[in-house]
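Student: What follows is a structure written as structure tokens; I'll ask about it next.
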Amino acid sequence: MPSSCSIRALWILTNQDTVVFSRRFPVVEKRWRAACERDKNCMEDGLKYNVVPSLPTDSEIAAAFIDRKKREGSARGFGIRINQSVEGSDSWVDDPITRHIISLCTKNEEEEKNHILWPLVLHIKGHYCILVLPLVEPDHLKTYSRMCKRSDCGNAVGADESLSPLLLNLPSITG
């Protein structure tokens, strides 16, 4: 994928956690599906990562956002690892930027699997939460998924995988 800033989808939710506006960008989604196809069945460290080639429905986004608010304590979340942090959550990554760059775990009833959407840029304005999903490489999503499962706390200096360098490599975030 070229190093440009493209948006896959945009959602606006009310403070009652209902989606009042959503927009998907089909041309960008086509690029995402092509990247997923190139990356299909990728094996790393003996684990097979499941990258979702399509976007969830508005109701799945709303349900995932409600779950995140319950898990993280608020729409913004904790940002740092605390006693209530759960492995796989944003606060588990232990970086304050996760108050603004979040992930959502959507449940797919057909496959009975949870899928992760990341990086979602969160902006809260008045009674609305705006979520923007930029286009990133599937490898970046896999790296973030691994970070969410690490047992160590925080971003060690010189660590192979930490959130800040990962975000700096994403033109959709730094652009």
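In the structure tokens, the first chain shown is A, the next is B, and so on; residue numbers restart at 1 for each chain, and ligands run from 1 in the order shown.
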Find the residues near region 122-137 of chain A: any atom within 10 Å, counting only C-alpha atoms, skip ones fewer than 3 places away on the same chain, and give them as number ranges by chain.

Tutor: A: 1-24, 28-29, 31-32, 35-36, 39, 55, 61, 65, 75-76, 98-103, 117-119, 140-142, 169-173

Student: Go ahead and save the picked residues with N, CA and C atoms, as a short mmCIF file (atom, residue, chain, number, x, y, z; two decimals), in the first residue's frame.

Tutor:
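Listed below is the output, again-v2.cif:
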```cif
data_model
loop_
_atom_site.label_atom_id
_atom_site.label_comp_id
_atom_site.auth_asym_id
_atom_site.auth_seq_id
_atom_site.Cartn_x
_atom_site.Cartn_y
_atom_site.Cartn_z
N MET A 1 0.84 -1.17 0.00
CA MET A 1 0.00 0.00 0.00
C MET A 1 0.89 1.24 0.00
N PRO A 2 0.51 2.27 -0.74
CA PRO A 2 1.29 3.49 -0.74
C PRO A 2 1.21 4.19 0.61
N SER A 3 2.22 5.02 0.87
CA SER A 3 2.24 5.72 2.15
C SER A 3 1.40 7.00 2.07
N SER A 4 0.10 6.82 2.12
CA SER A 4 -0.81 7.95 2.11
C SER A 4 -1.84 7.76 3.21
N CYS A 5 -2.64 8.76 3.41
CA CYS A 5 -3.66 8.71 4.46
C CYS A 5 -5.02 8.46 3.82
N SER A 6 -5.55 7.28 4.01
CA SER A 6 -6.86 6.92 3.49
C SER A 6 -7.73 6.46 4.64
N ILE A 7 -9.01 6.76 4.56
CA ILE A 7 -9.95 6.40 5.61
C ILE A 7 -10.83 5.25 5.12
N ARG A 8 -10.87 4.16 5.92
CA ARG A 8 -11.73 3.03 5.59
C ARG A 8 -13.17 3.29 5.98
N ALA A 9 -13.36 3.89 7.16
CA ALA A 9 -14.73 4.12 7.64
C ALA A 9 -14.74 5.21 8.70
N LEU A 10 -15.94 5.75 8.91
CA LEU A 10 -16.16 6.81 9.89
C LEU A 10 -17.49 6.54 10.56
N TRP A 11 -17.52 6.64 11.90
CA TRP A 11 -18.75 6.45 12.66
C TRP A 11 -18.91 7.59 13.64
N ILE A 12 -20.14 8.04 13.86
CA ILE A 12 -20.46 9.00 14.90
C ILE A 12 -21.49 8.34 15.80
N LEU A 13 -21.16 8.27 17.09
CA LEU A 13 -22.04 7.66 18.08
C LEU A 13 -22.50 8.72 19.07
N THR A 14 -23.72 8.57 19.58
CA THR A 14 -24.22 9.48 20.61
C THR A 14 -23.73 9.00 21.97
N ASN A 15 -24.02 9.81 23.01
CA ASN A 15 -23.63 9.36 24.35
C ASN A 15 -24.54 8.24 24.85
N GLN A 16 -25.59 7.90 24.09
CA GLN A 16 -26.41 6.72 24.39
C GLN A 16 -25.91 5.50 23.61
N ASP A 17 -24.74 5.62 23.00
CA ASP A 17 -24.08 4.52 22.28
C ASP A 17 -24.86 4.01 21.09
N THR A 18 -25.47 4.89 20.36
CA THR A 18 -26.12 4.52 19.11
C THR A 18 -25.39 5.21 17.96
N VAL A 19 -25.27 4.52 16.86
CA VAL A 19 -24.62 5.08 15.69
C VAL A 19 -25.62 5.99 14.98
N VAL A 20 -25.28 7.28 14.89
CA VAL A 20 -26.16 8.22 14.20
C VAL A 20 -25.69 8.51 12.78
N PHE A 21 -24.42 8.19 12.51
CA PHE A 21 -23.88 8.39 11.17
C PHE A 21 -22.75 7.40 10.95
N SER A 22 -22.72 6.82 9.77
CA SER A 22 -21.59 5.97 9.41
C SER A 22 -21.33 6.12 7.92
N ARG A 23 -20.08 6.00 7.57
CA ARG A 23 -19.70 6.10 6.16
C ARG A 23 -18.54 5.15 5.93
N ARG A 24 -18.71 4.30 4.94
CA ARG A 24 -17.66 3.38 4.52
C ARG A 24 -17.18 3.84 3.15
N VAL A 28 -11.36 2.37 -0.73
CA VAL A 28 -10.35 2.07 0.28
C VAL A 28 -10.55 0.66 0.82
N GLU A 29 -11.80 0.24 0.99
CA GLU A 29 -12.08 -1.13 1.44
C GLU A 29 -11.56 -2.16 0.44
N ARG A 31 -8.94 -1.78 -1.41
CA ARG A 31 -7.49 -1.83 -1.17
C ARG A 31 -7.17 -2.67 0.07
N TRP A 32 -8.00 -2.54 1.13
CA TRP A 32 -7.81 -3.32 2.35
C TRP A 32 -7.98 -4.82 2.07
N ALA A 35 -5.00 -6.13 0.28
CA ALA A 35 -3.87 -6.30 1.21
C ALA A 35 -4.06 -7.54 2.07
N CYS A 36 -5.29 -7.79 2.50
CA CYS A 36 -5.58 -8.99 3.29
C CYS A 36 -5.36 -10.25 2.47
N ASP A 39 -1.81 -11.03 2.23
CA ASP A 39 -1.29 -11.39 3.53
C ASP A 39 -1.92 -12.67 4.08
N LEU A 55 -15.67 -4.80 7.06
CA LEU A 55 -16.03 -3.99 8.22
C LEU A 55 -17.27 -4.56 8.92
N ILE A 61 -20.51 -2.31 15.77
CA ILE A 61 -19.63 -1.22 16.24
C ILE A 61 -20.17 -0.67 17.56
N PHE A 65 -18.28 -0.80 21.15
CA PHE A 65 -17.98 0.43 21.86
C PHE A 65 -18.53 0.38 23.29
N ALA A 75 -15.29 6.12 27.85
CA ALA A 75 -15.06 6.11 26.41
C ALA A 75 -13.56 6.25 26.10
N ARG A 76 -12.88 7.10 26.83
CA ARG A 76 -11.44 7.29 26.61
C ARG A 76 -10.61 6.16 27.20
N THR A 98 -3.38 5.41 24.03
CA THR A 98 -4.55 4.55 23.83
C THR A 98 -5.83 5.22 24.34
N ARG A 99 -5.74 6.41 24.88
CA ARG A 99 -6.94 7.18 25.21
C ARG A 99 -7.48 7.86 23.95
N HIS A 100 -6.66 7.95 22.90
CA HIS A 100 -7.05 8.63 21.66
C HIS A 100 -7.02 7.72 20.44
N ILE A 101 -6.13 6.74 20.45
CA ILE A 101 -6.03 5.74 19.39
C ILE A 101 -6.47 4.43 20.02
N ILE A 102 -7.68 4.00 19.72
CA ILE A 102 -8.27 2.86 20.43
C ILE A 102 -8.46 1.67 19.50
N SER A 103 -8.83 0.57 20.11
CA SER A 103 -9.22 -0.62 19.33
C SER A 103 -10.60 -1.05 19.80
N LEU A 117 -10.56 -4.20 15.50
CA LEU A 117 -10.46 -3.05 14.61
C LEU A 117 -9.47 -2.09 15.24
N TRP A 118 -8.42 -1.78 14.54
CA TRP A 118 -7.39 -0.88 15.05
C TRP A 118 -6.67 -0.26 13.87
N PRO A 119 -6.20 0.93 13.88
CA PRO A 119 -6.32 1.96 14.90
C PRO A 119 -7.55 2.81 14.67
N HIS A 140 0.65 -4.20 10.50
CA HIS A 140 0.57 -3.28 11.64
C HIS A 140 -0.51 -3.74 12.62
N LEU A 141 -1.62 -4.21 12.10
CA LEU A 141 -2.69 -4.72 12.96
C LEU A 141 -2.22 -5.95 13.73
N LYS A 142 -1.48 -6.82 13.08
CA LYS A 142 -0.95 -8.01 13.74
C LYS A 142 0.02 -7.63 14.86
N ASN A 169 5.13 5.09 12.40
CA ASN A 169 5.30 4.51 11.05
C ASN A 169 4.02 4.51 10.24
N LEU A 170 2.91 4.96 10.83
CA LEU A 170 1.63 4.96 10.13
C LEU A 170 1.34 6.37 9.61
N PRO A 171 1.39 6.57 8.30
CA PRO A 171 1.10 7.90 7.78
C PRO A 171 -0.31 8.37 8.09
N SER A 172 -1.24 7.44 8.27
CA SER A 172 -2.61 7.82 8.57
C SER A 172 -2.75 8.42 9.97
N ILE A 173 -1.80 8.15 10.85
CA ILE A 173 -1.83 8.69 12.21
C ILE A 173 -0.97 9.96 12.29
#
```

Student: Quick one, how far is CA of Thr143 (chain A) from CA of Ser162 (chain A)?

Tutor: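 A separation of 8.9 Å between them.
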
Student: List as a list in words the protein and nucleic acid residues near Ala63 (chain A), meaning an atom at most 12 Å away when only C-alpha atoms are counted, but skip any in the same chain fewer than 4 places from it.

Tutor: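 Final neighbour list, sorted by chain and number: Leu13, Gln16, Asp17, Thr18, Val19, Pro56, Thr57, Asp58, Ser59, Asp67, Arg68, Lys69, Lys70, Leu104, Cys105, Thr106, Lys107 and Asn108 of chain A.
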
Student: Write a file of the just-selected residues containing N, CA, C and O atoms, as a CSV table (one decimal), in the first residue's frame.

Tutor:
```
chain,number,residue,atom,x,y,z
A,13,LEU,N,-21.2,8.3,17.1
A,13,LEU,CA,-22.0,7.7,18.1
A,13,LEU,C,-22.5,8.7,19.1
A,13,LEU,O,-21.7,9.6,19.4
A,16,GLN,N,-25.6,7.9,24.1
A,16,GLN,CA,-26.4,6.7,24.4
A,16,GLN,C,-25.9,5.5,23.6
A,16,GLN,O,-26.6,4.5,23.5
A,17,ASP,N,-24.7,5.6,23.0
A,17,ASP,CA,-24.1,4.5,22.3
A,17,ASP,C,-24.9,4.0,21.1
A,17,ASP,O,-24.9,2.8,20.8
A,18,THR,N,-25.5,4.9,20.4
A,18,THR,CA,-26.1,4.5,19.1
A,18,THR,C,-25.4,5.2,18.0
A,18,THR,O,-24.9,6.3,18.1
A,19,VAL,N,-25.3,4.5,16.9
A,19,VAL,CA,-24.6,5.1,15.7
A,19,VAL,C,-25.6,6.0,15.0
A,19,VAL,O,-26.7,5.5,14.6
A,56,PRO,N,-17.4,-4.4,10.2
A,56,PRO,CA,-18.6,-4.8,11.0
A,56,PRO,C,-19.7,-3.9,10.7
A,56,PRO,O,-19.6,-2.8,10.2
A,57,THR,N,-20.9,-4.3,11.1
A,57,THR,CA,-22.1,-3.5,10.9
A,57,THR,C,-22.1,-2.4,12.0
A,57,THR,O,-21.4,-2.5,12.9
A,58,ASP,N,-23.0,-1.5,11.8
A,58,ASP,CA,-23.2,-0.4,12.7
A,58,ASP,C,-23.6,-0.9,14.1
A,58,ASP,O,-23.1,-0.4,15.1
A,59,SER,N,-24.4,-1.9,14.2
A,59,SER,CA,-24.8,-2.4,15.5
A,59,SER,C,-23.7,-3.2,16.1
A,59,SER,O,-23.5,-3.1,17.4
A,67,ASP,N,-19.0,-2.4,25.0
A,67,ASP,CA,-18.1,-3.3,25.7
A,67,ASP,C,-16.8,-2.7,26.2
A,67,ASP,O,-16.3,-2.9,27.3
A,68,ARG,N,-16.2,-1.8,25.3
A,68,ARG,CA,-15.0,-1.2,25.5
A,68,ARG,C,-15.2,-0.2,26.7
A,68,ARG,O,-14.3,-0.1,27.6
A,69,LYS,N,-16.3,0.6,26.7
A,69,LYS,CA,-16.5,1.5,27.8
A,69,LYS,C,-16.6,0.8,29.1
A,69,LYS,O,-16.1,1.3,30.1
A,70,LYS,N,-17.3,-0.4,29.1
A,70,LYS,CA,-17.4,-1.2,30.4
A,70,LYS,C,-16.0,-1.7,30.8
A,70,LYS,O,-15.7,-1.6,32.0
A,104,LEU,N,-11.3,-1.7,18.9
A,104,LEU,CA,-12.6,-2.3,19.3
A,104,LEU,C,-12.6,-3.8,18.9
A,104,LEU,O,-12.1,-4.1,17.8
A,105,CYS,N,-13.1,-4.6,19.8
A,105,CYS,CA,-13.2,-6.0,19.5
A,105,CYS,C,-14.7,-6.3,19.2
A,105,CYS,O,-15.5,-6.2,20.0
A,106,THR,N,-14.9,-6.7,17.9
A,106,THR,CA,-16.2,-7.0,17.5
A,106,THR,C,-16.5,-8.5,17.5
A,106,THR,O,-15.6,-9.3,17.3
A,107,LYS,N,-17.7,-8.9,17.9
A,107,LYS,CA,-18.0,-10.3,17.9
A,107,LYS,C,-18.7,-10.6,16.6
A,107,LYS,O,-19.7,-10.0,16.2
A,108,ASN,N,-18.3,-11.7,16.0
A,108,ASN,CA,-18.9,-12.2,14.8
A,108,ASN,C,-19.7,-13.5,15.2
A,108,ASN,O,-19.0,-14.5,15.4
```

Student: When you draw a straight line from CA of Ala64 (chain A) to CA of Phe25 (chain A), how long is it in Å?

Tutor: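 Answer for the CA of Ala64 (chain A) to CA of Phe25 (chain A) separation: 20.6 Å.
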
Student: As an exercise, work out the distance from CA of Pro138 (chain A) to CA of Leu167 (chain A) in Å and give it to one decimal place.

Tutor: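 Going from CA of Pro138 (chain A) over to CA of Leu167 (chain A) covers 13.7 Å.
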